[in-house]
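Visitor: Enclosed is the structure file upload-v1.tsv (TSV, C-alpha atoms (C1' of nucleotides)).
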```tsv
chain	number	residue	atom	x	y	z
A	1	MET	CA	22.92	6.21	39.40
A	2	ASN	CA	20.75	9.16	38.37
A	3	ILE	CA	18.87	9.46	35.11
A	4	GLY	CA	21.61	11.49	33.47
A	5	GLU	CA	24.16	8.78	34.00
A	6	ALA	CA	21.70	6.11	32.96
A	7	ALA	CA	21.13	8.09	29.79
A	8	LYS	CA	24.84	8.16	29.03
A	9	ALA	CA	25.24	4.50	29.88
A	10	SER	CA	22.36	3.42	27.67
A	11	GLY	CA	22.61	6.00	24.94
A	12	LEU	CA	18.97	6.96	25.39
A	13	PRO	CA	17.68	10.49	26.13
A	14	ALA	CA	16.43	11.05	29.68
A	15	LYS	CA	13.02	11.86	28.26
A	16	THR	CA	12.85	8.48	26.62
A	17	ILE	CA	13.89	6.74	29.82
A	18	ARG	CA	11.12	8.48	31.76
A	19	TYR	CA	8.69	7.46	29.07
A	20	TYR	CA	9.81	3.84	29.28
A	21	GLU	CA	9.22	3.93	33.00
A	22	GLU	CA	5.81	5.49	32.51
A	23	ILE	CA	4.70	2.67	30.21
A	24	GLY	CA	6.15	0.06	32.52
A	25	LEU	CA	9.18	-1.14	30.59
A	26	ILE	CA	11.46	-0.42	33.53
A	27	ARG	CA	10.79	0.17	37.21
A	28	PRO	CA	13.75	1.90	38.81
A	29	PRO	CA	13.38	2.55	42.56
A	30	ARG	CA	13.54	6.06	43.96
A	31	ASP	CA	15.97	7.70	46.34
A	32	ALA	CA	14.71	9.64	49.35
A	33	ASN	CA	14.84	12.85	47.30
A	34	GLY	CA	12.55	11.39	44.66
A	35	TYR	CA	15.29	10.87	42.09
A	36	ARG	CA	15.22	7.63	40.13
A	37	ALA	CA	17.98	5.27	41.24
A	38	PHE	CA	19.07	3.15	38.30
A	39	ARG	CA	20.69	-0.21	38.98
A	40	GLU	CA	22.88	-2.13	36.57
A	41	ALA	CA	19.94	-4.28	35.58
A	42	ASP	CA	18.00	-1.16	34.64
A	43	THR	CA	20.70	0.23	32.40
A	44	HIS	CA	21.07	-3.19	30.80
A	45	LYS	CA	17.39	-3.21	30.03
A	46	LEU	CA	17.62	0.29	28.61
A	47	THR	CA	20.50	-0.70	26.37
A	48	PHE	CA	18.51	-3.74	25.29
A	49	LEU	CA	15.54	-1.52	24.48
A	50	GLY	CA	17.68	0.93	22.56
A	51	ARG	CA	19.08	-1.82	20.38
A	52	ALA	CA	15.71	-3.43	19.82
A	53	ARG	CA	14.23	-0.06	18.84
A	54	SER	CA	17.11	0.55	16.46
A	55	LEU	CA	16.18	-2.71	14.74
A	56	GLY	CA	12.74	-1.25	14.26
A	57	PHE	CA	10.85	-3.29	16.86
A	58	SER	CA	7.79	-1.45	18.15
A	59	ILE	CA	7.47	-0.67	21.83
A	60	GLU	CA	5.05	-3.57	22.29
A	61	GLU	CA	7.42	-5.92	20.51
A	62	CYS	CA	10.19	-4.62	22.76
A	63	ARG	CA	8.03	-5.35	25.77
A	64	ARG	CA	7.59	-8.92	24.56
A	65	LEU	CA	11.29	-9.31	23.80
A	66	LEU	CA	12.20	-7.89	27.17
A	67	SER	CA	9.96	-10.35	28.96
A	68	LEU	CA	11.57	-13.20	27.01
A	69	TYR	CA	14.98	-11.75	27.81
A	70	GLU	CA	14.16	-11.93	31.49
A	71	ASP	CA	12.54	-15.34	31.32
A	72	ARG	CA	15.25	-17.94	31.79
A	73	SER	CA	12.88	-20.72	30.84
A	74	ARG	CA	12.04	-19.10	27.50
A	75	ALA	CA	12.17	-21.03	24.25
A	76	SER	CA	14.31	-19.41	21.57
A	77	ALA	CA	11.49	-20.31	19.17
A	78	ASP	CA	9.36	-17.66	20.85
A	79	VAL	CA	12.02	-15.03	20.30
A	80	LYS	CA	12.45	-16.11	16.72
A	81	ARG	CA	8.72	-15.86	16.11
A	82	VAL	CA	8.67	-12.24	17.25
A	83	ALA	CA	11.66	-11.53	15.04
A	84	ALA	CA	10.09	-13.28	12.06
A	85	GLU	CA	6.92	-11.27	12.35
A	86	HIS	CA	8.93	-8.08	12.50
A	87	MET	CA	10.97	-9.23	9.54
A	88	ARG	CA	7.79	-9.61	7.53
A	89	GLN	CA	6.81	-6.06	8.33
A	90	ILE	CA	10.24	-4.76	7.38
A	91	GLU	CA	10.18	-6.57	4.07
A	92	GLN	CA	6.72	-5.34	3.29
A	93	LYS	CA	7.72	-1.78	4.04
A	94	ILE	CA	10.80	-2.14	1.85
A	95	ALA	CA	8.66	-3.46	-0.99
A	96	GLU	CA	6.27	-0.52	-0.66
A	97	LEU	CA	9.12	1.98	-0.66
A	98	GLU	CA	10.78	0.33	-3.63
A	99	GLN	CA	7.53	0.57	-5.51
A	100	MET	CA	7.36	4.28	-4.69
A	101	ARG	CA	10.99	4.74	-5.65
A	102	ASP	CA	10.52	3.02	-8.99
A	103	THR	CA	7.38	4.91	-9.89
A	104	LEU	CA	8.80	8.23	-8.80
A	105	GLY	CA	12.09	7.55	-10.52
A	106	ASP	CA	10.30	6.81	-13.76
A	107	LEU	CA	8.28	10.01	-13.56
A	108	MET	CA	11.34	12.05	-12.69
A	109	SER	CA	13.32	10.67	-15.58
A	110	ARG	CA	10.59	11.82	-17.93
A	111	CYS	CA	10.40	15.31	-16.46
A	112	GLN	CA	12.49	17.91	-18.25
A	113	GLY	CA	13.01	19.91	-15.09
A	114	ASP	CA	13.22	23.19	-16.93
A	115	HIS	CA	11.37	26.53	-16.97
A	116	ARG	CA	8.39	25.14	-18.86
A	117	PRO	CA	5.20	24.04	-17.09
A	118	ASP	CA	4.80	20.67	-18.81
A	119	CYS	CA	5.45	17.96	-16.25
A	120	PRO	CA	4.86	14.20	-16.42
A	121	ILE	CA	4.97	14.05	-12.63
A	122	LEU	CA	1.98	16.35	-12.26
A	123	ASP	CA	0.28	14.71	-15.24
A	124	ASN	CA	0.54	11.36	-13.53
A	125	LEU	CA	-0.71	12.63	-10.19
A	126	ALA	CA	-3.61	14.30	-11.94
A	127	GLY	CA	-4.54	10.93	-13.38
A	128	SER	CA	-3.50	11.18	-17.00
A	129	LYS	CA	-3.04	7.96	-18.89
A	130	GLY	CA	0.56	8.80	-19.77
G	131	MET	CA	-21.94	16.12	-5.20
G	132	ASN	CA	-21.95	15.15	-1.52
G	133	ILE	CA	-18.97	13.86	0.40
G	134	GLY	CA	-19.98	10.23	-0.08
G	135	GLU	CA	-19.86	10.55	-3.84
G	136	ALA	CA	-16.66	12.56	-3.69
G	137	ALA	CA	-15.20	9.76	-1.59
G	138	LYS	CA	-16.11	7.18	-4.18
G	139	ALA	CA	-14.90	9.35	-7.02
G	140	SER	CA	-11.54	10.02	-5.39
G	141	GLY	CA	-11.04	6.76	-3.54
G	142	LEU	CA	-10.47	8.61	-0.28
G	143	PRO	CA	-12.43	8.04	2.95
G	144	ALA	CA	-14.88	10.80	3.85
G	145	LYS	CA	-12.95	11.32	7.07
G	146	THR	CA	-9.81	12.06	5.11
G	147	ILE	CA	-11.62	14.47	2.83
G	148	ARG	CA	-12.95	16.41	5.82
G	149	TYR	CA	-9.44	16.51	7.22
G	150	TYR	CA	-8.03	17.83	3.94
G	151	GLU	CA	-10.61	20.59	4.02
G	152	GLU	CA	-9.77	21.39	7.63
G	153	ILE	CA	-6.09	21.87	6.80
G	154	GLY	CA	-6.93	23.91	3.74
G	155	LEU	CA	-6.03	21.54	0.91
G	156	ILE	CA	-9.50	21.87	-0.60
G	157	ARG	CA	-12.28	24.39	-0.12
G	158	PRO	CA	-15.57	22.95	-1.32
G	159	PRO	CA	-18.53	25.34	-0.99
G	160	ARG	CA	-21.55	24.42	1.11
G	161	ASP	CA	-25.16	23.82	0.19
G	162	ALA	CA	-27.93	25.57	2.08
G	163	ASN	CA	-28.23	22.52	4.36
G	164	GLY	CA	-24.58	22.72	5.34
G	165	TYR	CA	-23.49	19.77	3.23
G	166	ARG	CA	-20.24	20.13	1.33
G	167	ALA	CA	-20.85	20.53	-2.40
G	168	PHE	CA	-17.94	19.04	-4.31
G	169	ARG	CA	-17.24	20.26	-7.81
G	170	GLU	CA	-15.27	18.43	-10.47
G	171	ALA	CA	-12.21	20.48	-9.64
G	172	ASP	CA	-12.47	19.36	-6.01
G	173	THR	CA	-12.63	15.67	-6.82
G	174	HIS	CA	-9.73	16.11	-9.22
G	175	LYS	CA	-7.71	17.64	-6.44
G	176	LEU	CA	-8.67	14.84	-4.12
G	177	THR	CA	-7.60	12.24	-6.63
G	178	PHE	CA	-4.35	14.13	-7.10
G	179	LEU	CA	-3.82	14.15	-3.35
G	180	GLY	CA	-4.59	10.46	-3.04
G	181	ARG	CA	-2.01	9.60	-5.68
G	182	ALA	CA	0.61	11.90	-4.22
G	183	ARG	CA	0.03	10.40	-0.77
G	184	SER	CA	0.34	6.90	-2.20
G	185	LEU	CA	3.76	7.89	-3.53
G	186	GLY	CA	4.66	8.76	0.04
G	187	PHE	CA	4.61	12.54	-0.22
G	188	SER	CA	3.84	14.20	3.09
G	189	ILE	CA	0.83	16.44	3.43
G	190	GLU	CA	3.04	19.51	3.22
G	191	GLU	CA	4.71	18.18	0.10
G	192	CYS	CA	1.26	17.51	-1.30
G	193	ARG	CA	0.29	21.07	-0.55
G	194	ARG	CA	3.30	22.29	-2.50
G	195	LEU	CA	2.63	19.92	-5.39
G	196	LEU	CA	-1.00	20.97	-5.48
G	197	SER	CA	-0.07	24.62	-5.70
G	198	LEU	CA	2.29	23.83	-8.57
G	199	TYR	CA	-0.44	21.75	-10.18
G	200	GLU	CA	-2.71	24.78	-10.11
G	201	ASP	CA	-0.07	27.24	-11.23
G	202	ARG	CA	-0.06	27.32	-15.00
G	203	SER	CA	3.11	29.37	-15.01
G	204	ARG	CA	5.01	26.83	-12.94
G	205	ALA	CA	8.41	25.52	-13.98
G	206	SER	CA	8.65	21.74	-14.16
G	207	ALA	CA	12.01	22.16	-12.44
G	208	ASP	CA	10.17	23.16	-9.28
G	209	VAL	CA	8.08	20.00	-9.38
G	210	LYS	CA	11.13	17.90	-10.04
G	211	ARG	CA	12.92	19.45	-7.07
G	212	VAL	CA	10.11	18.45	-4.74
G	213	ALA	CA	10.16	14.96	-6.20
G	214	ALA	CA	13.94	14.70	-5.90
G	215	GLU	CA	13.86	15.67	-2.24
G	216	HIS	CA	11.20	13.08	-1.57
G	217	MET	CA	13.21	10.52	-3.52
G	218	ARG	CA	16.16	11.12	-1.24
G	219	GLN	CA	13.98	10.45	1.79
G	220	ILE	CA	12.62	7.26	0.25
G	221	GLU	CA	16.08	5.98	-0.55
G	222	GLN	CA	17.34	6.78	2.90
G	223	LYS	CA	14.41	4.96	4.47
G	224	ILE	CA	15.01	1.96	2.23
G	225	ALA	CA	18.66	1.90	3.24
G	226	GLU	CA	17.73	1.97	6.92
G	227	LEU	CA	15.22	-0.82	6.51
G	228	GLU	CA	17.65	-2.92	4.51
G	229	GLN	CA	20.17	-2.50	7.28
G	230	MET	CA	17.61	-3.69	9.79
G	231	ARG	CA	16.61	-6.56	7.55
G	232	ASP	CA	20.20	-7.70	7.12
G	233	THR	CA	21.04	-7.51	10.79
G	234	LEU	CA	17.85	-9.19	11.85
G	235	GLY	CA	18.20	-11.84	9.17
G	236	ASP	CA	21.67	-12.65	10.34
G	237	LEU	CA	20.55	-12.99	13.93
G	238	MET	CA	17.57	-15.12	12.97
G	239	SER	CA	19.66	-17.46	10.90
G	240	ARG	CA	21.81	-18.11	13.92
G	241	CYS	CA	18.87	-18.75	16.24
G	242	GLN	CA	17.91	-22.37	16.63
G	243	GLY	CA	14.27	-21.51	17.22
G	244	ASP	CA	13.71	-24.50	19.48
G	245	HIS	CA	12.63	-25.17	23.06
G	246	ARG	CA	15.96	-24.09	24.52
G	247	PRO	CA	16.54	-20.62	25.95
G	248	ASP	CA	19.84	-19.88	24.18
G	249	CYS	CA	19.21	-17.19	21.62
G	250	PRO	CA	21.65	-15.12	19.56
G	251	ILE	CA	18.94	-12.55	18.97
G	252	LEU	CA	18.57	-11.79	22.66
G	253	ASP	CA	22.32	-12.05	23.15
G	254	ASN	CA	22.84	-9.39	20.55
G	255	LEU	CA	20.17	-7.07	21.94
G	256	ALA	CA	21.67	-7.51	25.38
G	257	GLY	CA	24.95	-6.27	23.97
G	258	SER	CA	27.07	-9.39	23.75
G	259	LYS	CA	30.06	-9.27	21.47
G	260	GLY	CA	28.84	-12.23	19.44
H	261	DC	C1'	-44.77	9.28	8.87
H	262	DT	C1'	-41.21	6.54	9.91
H	263	DT	C1'	-37.03	4.35	9.06
H	264	DG	C1'	-32.60	4.21	7.55
H	265	DA	C1'	-28.95	6.21	5.07
H	266	DC	C1'	-26.51	10.38	4.77
H	267	DC	C1'	-24.56	14.42	6.51
H	268	DT	C1'	-22.65	17.63	10.29
H	269	DT	C1'	-19.37	18.84	14.22
H	270	DC	C1'	-16.70	17.46	18.12
H	271	DC	C1'	-13.73	14.87	20.89
H	272	DC	C1'	-10.62	11.00	21.85
H	273	DA	C1'	-6.93	7.58	20.41
H	274	DT	C1'	-2.99	6.24	17.87
H	275	DT	C1'	3.19	6.00	18.00
H	276	DA	C1'	7.11	7.23	20.46
H	277	DC	C1'	8.71	10.50	21.93
H	278	DG	C1'	10.51	16.11	22.19
H	279	DG	C1'	9.95	20.87	24.09
H	280	DG	C1'	9.46	23.65	27.69
H	281	DA	C1'	7.52	25.51	32.12
H	282	DA	C1'	7.51	25.58	37.20
H	283	DG	C1'	9.71	24.17	40.97
H	284	DC	C1'	12.85	21.13	44.04
H	285	DT	C1'	17.88	19.35	45.11
H	286	DT	C1'	22.52	19.06	44.70
H	287	DT	C1'	27.01	20.68	43.67
H	288	DA	C1'	30.75	23.83	42.79
H	289	DG	C1'	32.87	28.05	43.51
H	290	DA	C1'	33.76	32.91	45.59
R	291	DT	C1'	28.03	30.68	53.71
R	292	DC	C1'	25.74	32.24	50.06
R	293	DT	C1'	24.76	31.81	45.41
R	294	DA	C1'	24.41	30.31	40.83
R	295	DA	C1'	24.43	26.60	37.76
R	296	DA	C1'	23.31	22.08	36.77
R	297	DG	C1'	20.34	18.26	37.39
R	298	DC	C1'	16.20	16.31	38.90
R	299	DT	C1'	10.90	16.14	39.30
R	300	DT	C1'	6.05	16.36	37.29
R	301	DC	C1'	2.86	18.18	34.02
R	302	DC	C1'	1.00	19.62	29.79
R	303	DC	C1'	1.19	20.46	24.82
R	304	DG	C1'	2.54	19.15	20.00
R	305	DT	C1'	3.75	15.98	16.40
R	306	DA	C1'	1.43	13.09	11.28
R	307	DA	C1'	-2.37	11.65	9.26
R	308	DT	C1'	-5.91	9.86	9.98
R	309	DG	C1'	-9.79	6.32	12.39
R	310	DG	C1'	-13.59	5.56	15.65
R	311	DG	C1'	-17.59	6.89	17.51
R	312	DA	C1'	-21.13	9.95	19.74
R	313	DA	C1'	-24.88	13.30	19.30
R	314	DG	C1'	-27.78	15.30	16.31
R	315	DG	C1'	-29.64	17.49	11.72
R	316	DT	C1'	-31.32	16.06	6.72
R	317	DC	C1'	-32.99	13.53	3.07
R	318	DA	C1'	-35.10	9.77	0.22
R	319	DA	C1'	-38.11	5.78	0.04
R	320	DG	C1'	-41.99	3.16	1.22
```
As structure tokens, please, write out the structure in this file.

Guide:
Amino acid sequence: MNIGEAAKASGLPAKTIRYYEEIGLIRPPRDANGYRAFREADTHKLTFLGRARSLGFSIEECRRLLSLYEDRSRASADVKRVAAEHMRQIEQKIAELEQMRDTLGDLMSRCQGDHRPDCPILDNLAGSKG
Amino acid sequence: MNIGEAAKASGLPAKTIRYYEEIGLIRPPRDANGYRAFREADTHKLTFLGRARSLGFSIEECRRLLSLYEDRSRASADVKRVAAEHMRQIEQKIAELEQMRDTLGDLMSRCQGDHRPDCPILDNLAGSKG
DNA sequence: CTTGACCTTCCCATTACGGGAAGCTTTAGA
DNA sequence: TCTAAAGCTTCCCGTAATGGGAAGGTCAAG
């Protein structure tokens, strides 16, 4: 299976697959012509990586999850720990964004949004007390 | 006022201030010795930029906001438009993160987190139907 | 006069890829 | 069979917004 097919099978762009090989997430063998020869196990790993990435796990977290995935003597507690740490990061990011949303929403609601220059948004950014 | 003082006054690292000069957000003059000489207007701009960045505006959005800030004939509608576009991005990002949080939370709640290898988190990433 | 705190520029590293060039290989069609 | 298109390869550059750190000039204090 060439990279194009592996891309279709996994839903990942070929570029991304090459990158994952470069950083050692997968190690597909090569055919005599130099083309990567993807096995089922490789496309499974790629699909796994795609899903983990879509849940927001970083590449290094994916690497850890992948090694647990391949370790039959893993403890699910180890997987859950990785997930819990990621969950903390997600929740923190959400909290930050909600803070931004609330502040910005407040400023926007106070801005007339007309032809005049007066603007509470700019006033706030400039450091006014209002 | 040297960069160290400007950093304290604005709350931005000196490195960041140099970067903002490099990309043309500020243009402090230089002293005879080559040191940047920050004026009040420069530190005000820096403070403005710091606040805008903390609300999540990109550098390019900051550039636009700064030009509106300096344009006394601006229309507040223009400012509000920039803010509204940014608000959309924030809300979209929040929605994505909440989706991740919910999915991950569900998987975590179903993971025993013990010494055994069975793990719904990995099962899901691997593409199981469960 | 020296030491240490500033300042300068310059270059590399980060994250996770995407774009695109130059050049093979394979495949499909006339 | 020849050719053109499609697919593959590696390689290098660019992204956003800084942070780290080196090499070296400047300044203030003792």

Visitor: Please, which residues in chain G fall within 7 Å of chain A when counting all atoms listed in the file, and what is the closest atom pair and distance in Å to one decimal for each, ordered by chain then residue number, as a Markdown table?

Guide:
```
| residue | atom | partner | partner_atom | distance |
| --- | --- | --- | --- | --- |
| G:His174 | CA | A:Ala126 | CA | 6.9 |
| G:Thr177 | CA | A:Ala126 | CA | 7.0 |
| G:Phe178 | CA | A:Ala126 | CA | 4.9 |
| G:Arg181 | CA | A:Leu125 | CA | 5.6 |
| G:Ala182 | CA | A:Leu125 | CA | 6.2 |
| G:Leu185 | CA | A:Met100 | CA | 5.2 |
| G:Tyr199 | CA | A:Leu122 | CA | 6.3 |
| G:Arg202 | CA | A:Pro117 | CA | 6.5 |
| G:Ser203 | CA | A:Pro117 | CA | 6.1 |
| G:Arg204 | CA | A:Pro117 | CA | 5.0 |
| G:Ala205 | CA | A:His115 | CA | 4.3 |
| G:Ser206 | CA | A:Gly113 | CA | 4.8 |
| G:Ala207 | CA | A:Gly113 | CA | 3.6 |
| G:Lys210 | CA | A:Gly113 | CA | 5.8 |
| G:Met217 | CA | A:Arg101 | CA | 6.5 |
| G:Ile220 | CA | A:Leu97 | CA | 6.4 |
| G:Ile224 | CA | A:Ile94 | CA | 5.9 |
| G:Leu227 | CA | A:Ile90 | CA | 6.4 |
| G:Met230 | CA | A:Leu55 | CA | 5.2 |
| G:Arg231 | CA | A:Met87 | CA | 6.5 |
| G:Met238 | CA | A:Lys80 | CA | 6.4 |
| G:Cys241 | CA | A:Lys80 | CA | 7.0 |
| G:Gln242 | CA | A:Ser76 | CA | 6.8 |
| G:Gly243 | CA | A:Ala77 | CA | 3.6 |
| G:Asp244 | CA | A:Ala77 | CA | 4.8 |
| G:His245 | CA | A:Ala75 | CA | 4.3 |
| G:Arg246 | CA | A:Ala75 | CA | 4.9 |
| G:Pro247 | CA | A:Ala75 | CA | 4.7 |
| G:Asp248 | CA | A:Ser76 | CA | 6.1 |
| G:Cys249 | CA | A:Ser76 | CA | 5.4 |
| G:Leu252 | CA | A:Tyr69 | CA | 6.3 |
| G:Leu255 | CA | A:Phe48 | CA | 5.0 |
| G:Ala256 | CA | A:Phe48 | CA | 4.9 |
```

Visitor: Using 8 Å as the limit and counting all atoms listed in the file, can you tabulate each residue of chain H that touches chain A, with its shortest atom-to-atom distance in Å and the two atoms involved, as CSV?

Guide:
```
residue,atom,partner,partner_atom,distance
H:DC277,C1',A:Thr16,CA,6.6
H:DG278,C1',A:Lys15,CA,7.8
H:DT285,C1',A:Asn33,CA,7.5
```

Visitor: Could you please tell me, as a ChimeraX atom specification, which residues of chain A have an atom within 12 Å of chain R when using all atoms listed in the file?

Guide: /A:2-5,14-15,18,22,30-31,33-37

Visitor: Any idea what the distance is between CA of Thr43 (chain A) and CA of Ile23 (chain A)?

Guide: 16.3 Å

Visitor: Provide the CA of Leu25 (chain A) to CA of Arg63 (chain A) distance in Å, to one decimal place.

Guide: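 That distance, rounded to one decimal, is 6.5 Å.
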
Visitor: Tell me, in Å to one decimal, how far CA of Glu190 (chain G) is from CA of Arg157 (chain G).

Guide: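 Taking CA of Glu190 (chain G) as the start and CA of Arg157 (chain G) as the end point, the length is 16.4 Å.
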